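Before any comments, here is the structure.
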Amino acid sequence: METPRLVLPGPSPAARDAVPLCARLSRLYEDGARTVECDAAAVTAPDLGAVQALARLRLAARGRPLRVTGAAPALRALLDLVGLVELLGESEEREPAVGVQEGVEPDDLAV
């Protein structure tokens, strides 16, 4: 099965776009999608509407895989500024990937 795509409107989604985008995402999962690709390439002038849309989409995914693609540097920078860069599904710098735990052995020296 091909991965379905959900395209964010450009140049930036408005807050009112979040509700229909979330409804579309829910329908894609209900129709059997295991992963959904959220294409953010059209978001060329990101603002807080884009942040809200991505945050609400991540919540609507309810832990199911949602892959954000095509995020421009400006969108990445804005999400980093507001502390939500993890919405892109990427690890923050110097942060372990989600689900990865560092192990400590009993004979490890304290640092």
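Ligands are numbered from 1 in the order shown, chains are lettered A, B, ... in the order of the structure tokens, and residues start at 1 in each chain.
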
Leaving out Cys38 in chain A and any residue of its chain fewer than 5 positions from it, which residues lie within 7 Å of it when counting only C-alpha atoms, given as a JSON list (two decimals) with N, CA, C and O atoms, in the first residue's frame?
[["chain", "number", "residue", "atom", "x", "y", "z"],
["A", 5, "ARG", "N", -0.58, 10.87, 1.42],
["A", 5, "ARG", "CA", -0.01, 12.19, 1.69],
["A", 5, "ARG", "C", -1.10, 13.16, 2.10],
["A", 5, "ARG", "O", -2.18, 13.18, 1.54],
["A", 6, "LEU", "N", -0.74, 13.98, 3.07],
["A", 6, "LEU", "CA", -1.58, 15.07, 3.52],
["A", 6, "LEU", "C", -0.77, 16.33, 3.25],
["A", 6, "LEU", "O", 0.35, 16.45, 3.75],
["A", 7, "VAL", "N", -1.27, 17.24, 2.44],
["A", 7, "VAL", "CA", -0.50, 18.42, 2.03],
["A", 7, "VAL", "C", -0.94, 19.63, 2.83],
["A", 7, "VAL", "O", -2.13, 19.98, 2.84],
["A", 66, "LEU", "N", 3.35, 9.62, 11.78],
["A", 66, "LEU", "CA", 3.07, 10.79, 10.94],
["A", 66, "LEU", "C", 4.43, 11.37, 10.58],
["A", 66, "LEU", "O", 5.15, 11.87, 11.44],
["A", 67, "ARG", "N", 4.78, 11.28, 9.32],
["A", 67, "ARG", "CA", 6.09, 11.73, 8.84],
["A", 67, "ARG", "C", 5.94, 13.07, 8.14],
["A", 67, "ARG", "O", 5.23, 13.18, 7.15],
["A", 68, "VAL", "N", 6.59, 14.10, 8.67],
["A", 68, "VAL", "CA", 6.55, 15.43, 8.07],
["A", 68, "VAL", "C", 7.73, 15.55, 7.11],
["A", 68, "VAL", "O", 8.88, 15.33, 7.49],
["A", 69, "THR", "N", 7.43, 15.87, 5.86],
["A", 69, "THR", "CA", 8.47, 16.00, 4.85],
["A", 69, "THR", "C", 8.44, 17.40, 4.24],
["A", 69, "THR", "O", 7.43, 18.09, 4.30]]

**OP:** Just the residues within 12 Å of range 70-82 of chain A, please, counting only C-alpha atoms, with nothing from its chain fewer than 5 positions along; format it as an MDAnalysis selection string.
**Re:** chainID A and resid 5:8 10:13 37:55 87:93

Subject >> Within 12 Å of Arg62 in chain A using only C-alpha atoms, minus same-chain residues under 4 positions, as a PyMOL selection string >> reply: chain A and resi 22+25-26+29+35+55-58+66

Original post:
When distances are computed from only C-alpha atoms, which of A:Ala60, A:Ala33, A:Gly83, A:Glu2 shows the smallest separation from Pro20 in chain A?
Top reply: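 Using only C-alpha atoms, Pro20 in chain A sits closest to A:Ala60.
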
Original post:
So what do you get for CA of Val85 in chain A versus CA of Glu30 in chain A, distance-wise?
Top reply: 26.9 Å
